[in-house]
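**Student:** Here you go, this is coords-v6.txt (compact mmCIF, C-alpha atoms).
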```txt
# COMPACT_ATOMS: atom_id res chain seq x y z
CA MET A 1 16.06 -19.89 3.58
CA SER A 2 15.98 -18.63 7.17
CA PHE A 3 13.22 -19.47 9.64
CA TYR A 4 11.93 -15.90 9.47
CA GLN A 5 11.00 -15.85 5.79
CA PRO A 6 8.61 -18.85 5.65
CA TYR A 7 7.46 -18.97 9.28
CA GLY A 8 8.52 -16.06 11.51
CA LYS A 9 7.22 -13.36 9.19
CA ARG A 10 3.76 -14.94 9.14
CA LEU A 11 3.72 -15.21 12.93
CA CYS A 12 4.68 -11.53 13.22
CA ASP A 13 1.94 -10.60 10.74
CA LEU A 14 -0.70 -12.46 12.74
CA ALA A 15 0.45 -11.01 16.08
CA ILE A 16 0.51 -7.40 14.84
CA SER A 17 -2.83 -7.73 13.05
CA ILE A 18 -4.62 -9.23 16.04
CA VAL A 19 -3.29 -6.49 18.33
CA ALA A 20 -4.22 -3.79 15.79
CA LEU A 21 -7.74 -5.04 15.08
CA PRO A 22 -9.57 -3.12 17.86
CA VAL A 23 -7.95 0.16 16.76
CA VAL A 24 -8.60 -0.65 13.11
CA ALA A 25 -12.27 -1.39 13.85
CA VAL A 26 -12.79 1.98 15.57
CA ILE A 27 -10.99 4.00 12.88
CA VAL A 28 -12.74 2.19 10.03
CA GLY A 29 -16.10 2.65 11.74
CA VAL A 30 -15.69 6.40 12.25
CA LEU A 31 -14.23 7.08 8.80
CA GLY A 32 -16.76 4.79 7.14
CA ILE A 33 -19.57 6.97 8.51
CA ALA A 34 -17.77 10.14 7.37
CA ILE A 35 -17.37 8.72 3.86
CA LYS A 36 -21.06 7.81 3.65
CA LEU A 37 -22.12 11.23 4.89
CA GLU A 38 -20.03 13.07 2.29
CA ASP A 39 -21.46 11.55 -0.88
CA ARG A 40 -23.63 8.55 0.15
CA GLY A 41 -21.30 6.20 -1.74
CA PRO A 42 -19.77 2.95 -0.43
CA ALA A 43 -17.27 3.21 2.42
CA PHE A 44 -14.95 0.56 1.00
CA TYR A 45 -13.06 0.22 -2.24
CA ASN A 46 -12.22 -3.36 -3.17
CA ALA A 47 -9.04 -2.86 -5.19
CA PRO A 48 -7.86 -5.60 -7.57
CA ARG A 49 -4.12 -6.12 -7.17
CA VAL A 50 -1.39 -8.63 -8.04
CA GLY A 51 0.28 -10.44 -5.15
CA ARG A 52 2.94 -13.04 -4.52
CA GLY A 53 3.59 -15.31 -7.45
CA GLY A 54 1.54 -13.09 -9.75
CA ARG A 55 -1.74 -14.19 -8.15
CA ALA A 56 -4.62 -11.71 -8.29
CA PHE A 57 -6.34 -10.75 -5.03
CA THR A 58 -8.68 -8.10 -3.64
CA MET A 59 -7.02 -5.44 -1.49
CA TYR A 60 -9.36 -3.70 0.93
CA LYS A 61 -9.25 0.09 1.31
CA LEU A 62 -11.46 2.87 2.59
CA ARG A 63 -12.71 4.78 -0.44
CA SER A 64 -10.81 8.04 -0.88
CA MET A 65 -12.09 8.93 -4.36
CA LYS A 66 -15.43 9.87 -5.82
CA VAL A 67 -17.69 7.03 -6.94
CA ASN A 68 -16.73 5.67 -10.39
CA ALA A 69 -13.65 7.91 -10.60
CA PRO A 70 -11.64 7.20 -13.78
CA ASP A 71 -8.14 5.75 -13.69
CA LEU A 72 -5.53 8.42 -14.51
CA VAL A 73 -2.32 6.94 -15.92
CA MET A 74 1.13 8.56 -15.87
CA GLU A 75 3.56 8.41 -18.81
CA ASP A 76 5.46 5.53 -17.18
CA GLY A 77 2.27 3.49 -16.79
CA SER A 78 1.79 4.04 -13.07
CA THR A 79 -1.41 5.46 -11.59
CA TYR A 80 -1.54 9.22 -10.97
CA ASN A 81 -1.50 10.26 -7.33
CA GLY A 82 -1.20 14.01 -6.86
CA ALA A 83 -2.25 16.54 -4.25
CA ASP A 84 -4.43 18.26 -6.85
CA ASP A 85 -6.19 15.03 -7.84
CA PRO A 86 -9.80 16.09 -8.64
CA ARG A 87 -11.02 12.54 -8.02
CA MET A 88 -10.43 12.71 -4.26
CA THR A 89 -13.17 13.48 -1.77
CA ARG A 90 -12.57 15.79 1.21
CA VAL A 91 -12.50 12.85 3.59
CA GLY A 92 -10.30 11.01 1.10
CA ALA A 93 -7.70 13.79 1.07
CA PHE A 94 -7.44 13.55 4.86
CA MET A 95 -7.12 9.77 4.75
CA ARG A 96 -4.42 9.93 2.08
CA LYS A 97 -2.32 12.31 4.19
CA THR A 98 -2.61 10.08 7.25
CA SER A 99 -2.64 6.71 5.38
CA LEU A 100 -5.79 5.76 7.29
CA ASP A 101 -7.42 4.53 4.08
CA GLU A 102 -4.98 1.59 4.17
CA PHE A 103 -6.10 0.28 7.59
CA PRO A 104 -8.59 -2.29 6.22
CA GLN A 105 -5.58 -4.11 4.75
CA PHE A 106 -4.98 -5.69 8.15
CA ILE A 107 -7.85 -7.94 7.03
CA ASN A 108 -5.74 -8.91 4.01
CA VAL A 109 -2.87 -9.71 6.37
CA LEU A 110 -5.08 -11.98 8.46
CA ILE A 111 -6.34 -13.72 5.31
CA GLY A 112 -2.74 -14.23 4.24
CA ASN A 113 -2.54 -12.51 0.86
CA MET A 114 -0.63 -9.52 2.29
CA SER A 115 2.03 -8.93 4.92
CA VAL A 116 2.48 -5.98 7.28
CA VAL A 117 5.82 -5.21 5.57
CA GLY A 118 6.45 -5.83 1.89
CA PRO A 119 6.37 -4.15 -1.53
CA ARG A 120 3.19 -2.21 -2.21
CA PRO A 121 1.04 -4.21 -4.67
CA ASP A 122 0.51 -3.10 -8.26
CA LEU A 123 -2.36 -3.33 -10.72
CA GLN A 124 -2.27 -6.04 -13.39
CA ARG A 125 -1.68 -3.46 -16.14
CA GLU A 126 1.33 -2.18 -14.16
CA THR A 127 2.85 -5.65 -13.74
CA ASP A 128 2.56 -6.06 -17.52
CA LEU A 129 5.00 -3.14 -17.82
CA TYR A 130 7.69 -4.69 -15.60
CA ARG A 131 11.08 -5.00 -17.26
CA GLY A 132 14.39 -6.57 -16.29
CA ASP A 133 14.23 -8.03 -12.79
CA GLU A 134 11.32 -5.86 -11.63
CA HIS A 135 9.03 -8.91 -11.61
CA ARG A 136 11.06 -10.21 -8.67
CA LYS A 137 9.01 -8.02 -6.33
CA LEU A 138 6.33 -10.69 -6.77
CA GLU A 139 8.54 -13.25 -4.99
CA VAL A 140 7.23 -12.01 -1.63
CA LYS A 141 3.82 -10.99 -0.31
CA PRO A 142 2.88 -7.33 -0.83
CA GLY A 143 2.72 -5.20 2.29
CA ILE A 144 0.75 -2.45 3.99
CA THR A 145 4.05 -0.62 4.34
CA GLY A 146 7.40 -1.30 2.75
CA TYR A 147 10.95 -0.34 1.91
CA ALA A 148 9.96 2.05 -0.88
CA ALA A 149 7.03 3.33 1.19
CA VAL A 150 9.32 4.73 3.91
CA PHE A 151 12.15 5.86 1.62
CA GLY A 152 10.36 8.38 -0.57
CA ARG A 153 6.80 6.99 -0.75
CA ASN A 154 4.97 8.24 -3.86
CA SER A 155 7.37 11.14 -4.50
CA LEU A 156 9.83 8.67 -6.05
CA PRO A 157 9.45 7.77 -9.73
CA TRP A 158 7.67 4.44 -10.16
CA ARG A 159 10.75 2.69 -11.58
CA ALA A 160 12.78 3.87 -8.58
CA ARG A 161 10.17 2.38 -6.25
CA LEU A 162 10.30 -0.91 -8.17
CA LYS A 163 14.09 -0.95 -7.78
CA LEU A 164 13.72 -0.56 -4.01
CA ASP A 165 11.10 -3.31 -3.98
CA VAL A 166 13.56 -5.73 -5.61
CA GLU A 167 16.27 -4.64 -3.19
CA TYR A 168 13.90 -5.48 -0.33
CA VAL A 169 13.33 -8.98 -1.73
CA ASP A 170 17.09 -9.60 -1.61
CA ARG A 171 17.44 -8.23 1.93
CA VAL A 172 14.25 -9.31 3.69
CA SER A 173 14.91 -10.14 7.34
CA PHE A 174 13.42 -9.49 10.77
CA PRO A 175 15.74 -6.53 11.57
CA LEU A 176 14.91 -4.86 8.24
CA ASP A 177 11.17 -5.43 8.66
CA LEU A 178 11.32 -4.02 12.18
CA LYS A 179 13.20 -0.94 10.93
CA ILE A 180 10.65 -0.37 8.14
CA PHE A 181 7.72 -0.87 10.53
CA LEU A 182 9.08 1.71 13.00
CA MET A 183 10.06 4.18 10.27
CA THR A 184 6.51 4.05 8.92
CA PHE A 185 5.23 6.01 11.91
CA SER A 186 7.76 8.79 11.24
CA ALA A 187 6.95 8.86 7.51
CA VAL A 188 3.22 9.15 8.17
CA PHE A 189 3.68 11.76 10.92
CA LYS A 190 5.89 13.98 8.73
CA GLN A 191 3.44 13.59 5.79
CA GLU A 192 6.30 13.68 3.31
CA GLY A 193 6.33 11.97 -0.09
CA ILE A 194 2.58 11.34 -0.11
CA TYR A 195 1.98 12.50 -3.65
CA VAL A 196 3.67 12.26 -7.02
CA GLU A 197 5.92 15.25 -7.69
CA GLY A 198 6.10 16.21 -11.36
CA ASP A 199 6.86 13.65 -14.03
CA SER A 200 7.28 10.16 -12.62
CA SER A 201 8.96 8.78 -15.73
CA ASP A 202 12.62 7.76 -15.72
```
Just dump the structure as structure tokens.

**Tutor:**
Amino acid sequence: MSFYQPYGKRLCDLAISIVALPVVAVIVGVLGIAIKLEDRGPAFYNAPRVGRGGRAFTMYKLRSMKVNAPDLVMEDGSTYNGADDPRMTRVGAFMRKTSLDEFPQFINVLIGNMSVVGPRPDLQRETDLYRGDEHRKLEVKPGITGYAAVFGRNSLPWRARLKLDVEYVDRVSFPLDLKIFLMTFSAVFKQEGIYVEGDSSD
């Protein structure tokens, strides 16, 4: 195993997170107030997810949906995420388009249960549906952004995203992580692939 995977990646995560924290604090503060003003509900959503090695952890997000919104499940078992999602608040729709709801996850990176770059984490019920080698995405820490996140985002079927996640596990390196990190800005700016398009089954 190269130096980057066990040591360099963690050093990069810490450096990026520390530099980003002041910006994150301002954005989270402003959007947190906007969320509270819209419906008086909590600003944060503490999302249960499965991380490296199958360990459960809490992923921090700004709340983009209405309080106590139900979980909508697609035919393939993944969670519904569409532009017409009635569960989203007005502020939430803006955050989804700009990915600003994910900014609190820099706290997860500092804690060490997430990385800046890695496969997006799944729910426990989704990991129970893994088949073949799809469970191999759990060999690395989940990320704020990732291989599948910049090559199609949510417009790809869930199984296709899992395939890219496994491909990332086999190819993880500093040059690839740097490419994904830089491409994230373009993906967010273009606002392409944010939502599920049609049937996400394979």

**Student:** Suppose you want the space between atom CA of Phe106 of chain A and atom CA of Asp170 of chain A; what is it in Å?

**Tutor:**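 Taking atom CA of Phe106 of chain A and atom CA of Asp170 of chain A, their separation equals 24.4 Å.
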
**Student:** If I put a ball of radius 7 Å at (7.4, -13.0, -8.9) in the file's coordinates, which residues poke into it when counting all atoms listed in the file, written as a PyMOL selection string?

**Tutor:** chain A and resi 52-54+135-139

**Student:** Identify which of the residues A:Tyr147, A:Tyr60, A:Phe94, A:Trp158 lies closest to Ser173 of chain A, counting all atoms listed in the file when measuring atom-to-atom distances.

**Tutor:**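 Looking at the shortest contact to Ser173 of chain A, the residue is A:Tyr147.
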
**Student:** Would you work out the distance separating atom CA of Arg87 of chain A from atom CA of Arg63 of chain A, expressed in Å to one decimal?

**Tutor:**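 Distance between the two atoms: 11.0 Å.
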
**Student:** So which residues touch Phe189 of chain A within 12 Å, counting all atoms listed in the file, skipping near sequence neighbours fewer than 5 positions away, as a PyMOL selection string?

**Tutor:** chain A and resi 97-100+150+182-184+194

**Student:** Between atom CA of Asp13 of chain A and atom CA of Tyr45 of chain A, measure the distance and give it in Å to one decimal.

**Tutor:**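 If I compute the distance from atom CA of Asp13 of chain A to atom CA of Tyr45 of chain A, I get 22.6 Å.
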
**Student:** List the spatial neighbours of Val24 of chain A as a PyMOL selection string - criterion: any atom at most 12 Å away, all atoms listed in the file, same-chain residues fewer than 6 positions off excluded.

**Tutor:** chain A and resi 16-18+30-32+61-62+100-107

**Student:** Since we have the selection now, will you write its residues out, keeping C-alpha atoms, as a JSON list (two decimals), in the coordinates of the input?

**Tutor:**
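Below is the file result.json, written as the result:
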```json
[["chain", "number", "residue", "atom", "x", "y", "z"],
["A", 16, "ILE", "CA", 0.51, -7.40, 14.84],
["A", 17, "SER", "CA", -2.83, -7.73, 13.05],
["A", 18, "ILE", "CA", -4.62, -9.23, 16.04],
["A", 30, "VAL", "CA", -15.69, 6.40, 12.25],
["A", 31, "LEU", "CA", -14.23, 7.08, 8.80],
["A", 32, "GLY", "CA", -16.76, 4.79, 7.14],
["A", 61, "LYS", "CA", -9.25, 0.09, 1.31],
["A", 62, "LEU", "CA", -11.46, 2.87, 2.59],
["A", 100, "LEU", "CA", -5.79, 5.76, 7.29],
["A", 101, "ASP", "CA", -7.42, 4.53, 4.08],
["A", 102, "GLU", "CA", -4.98, 1.59, 4.17],
["A", 103, "PHE", "CA", -6.10, 0.28, 7.59],
["A", 104, "PRO", "CA", -8.59, -2.29, 6.22],
["A", 105, "GLN", "CA", -5.58, -4.11, 4.75],
["A", 106, "PHE", "CA", -4.98, -5.69, 8.15],
["A", 107, "ILE", "CA", -7.85, -7.94, 7.03]]
```

**Student:** Please determine, counting all atoms listed in the file, which residue among A:Met65, A:Ile35, A:Val117, A:Val73 has the shortest atom-to-atom distance to Leu176 of chain A.

**Tutor:** A:Val117

**Student:** Set up a box along x, y and z of the file covering all listed atoms of segment 83-96 of chain A, add 6 Å on every one of the six sides, and write the centre and edge lengths in Å to one decimal, as lines of an AutoDock Vina configuration file.

**Tutor:**
```
center_x = -7.7
center_y = 14.0
center_z = -1.9
size_x = 22.9
size_y = 20.5
size_z = 25.5
```

**Student:** Smallest atom-to-atom distance to Gly146 of chain A: which of A:Ile33, A:Leu123, A:Ile180, A:Val166, using only C-alpha atoms?

**Tutor:**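 For Gly146 of chain A, the nearest of the given residues is A:Ile180.
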
**Student:** Applying 6 Å and all atoms listed in the file, which residues near Gly143 of chain A remain after dropping the ones on its own chain fewer than 5 positions away? List them as a PyMOL selection string.

**Tutor:** chain A and resi 114-120

**Student:** Find the residues near Asp85 of chain A: any atom within 12 Å, counting only C-alpha atoms, skip ones fewer than 5 places away on the same chain, and give them as a CSV table (one decimal) with C-alpha atoms, in the frame of the given file.

**Tutor:**
```
chain,number,residue,atom,x,y,z
A,64,SER,CA,-10.8,8.0,-0.9
A,65,MET,CA,-12.1,8.9,-4.4
A,66,LYS,CA,-15.4,9.9,-5.8
A,69,ALA,CA,-13.6,7.9,-10.6
A,70,PRO,CA,-11.6,7.2,-13.8
A,71,ASP,CA,-8.1,5.8,-13.7
A,72,LEU,CA,-5.5,8.4,-14.5
A,79,THR,CA,-1.4,5.5,-11.6
A,80,TYR,CA,-1.5,9.2,-11.0
A,90,ARG,CA,-12.6,15.8,1.2
A,92,GLY,CA,-10.3,11.0,1.1
A,93,ALA,CA,-7.7,13.8,1.1
A,96,ARG,CA,-4.4,9.9,2.1
A,195,TYR,CA,2.0,12.5,-3.6
A,196,VAL,CA,3.7,12.3,-7.0
```

**Student:** Looking at A:Leu21, A:Ala43, A:Asn113, A:Ala149, which one is nearest to Phe185 of chain A, with distances taken over all atoms listed in the file?

**Tutor:** A:Ala149

**Student:** Looking at all atoms listed in the file, which of A:Val67, A:Leu164, A:Val172, A:Ile111 is the one that sits closest to Lys36 of chain A?

**Tutor:**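 Checking each of A:Val67, A:Leu164, A:Val172, A:Ile111 against Lys36 of chain A, counting all atoms listed in the file, the winner is A:Val67.
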
**Student:** Would you mind telling me which residue in A:Ala34, A:Ala187, A:Arg10, A:Ala25 lies nearest to Met95 of chain A when using all atoms listed in the file?

**Tutor:** A:Ala34
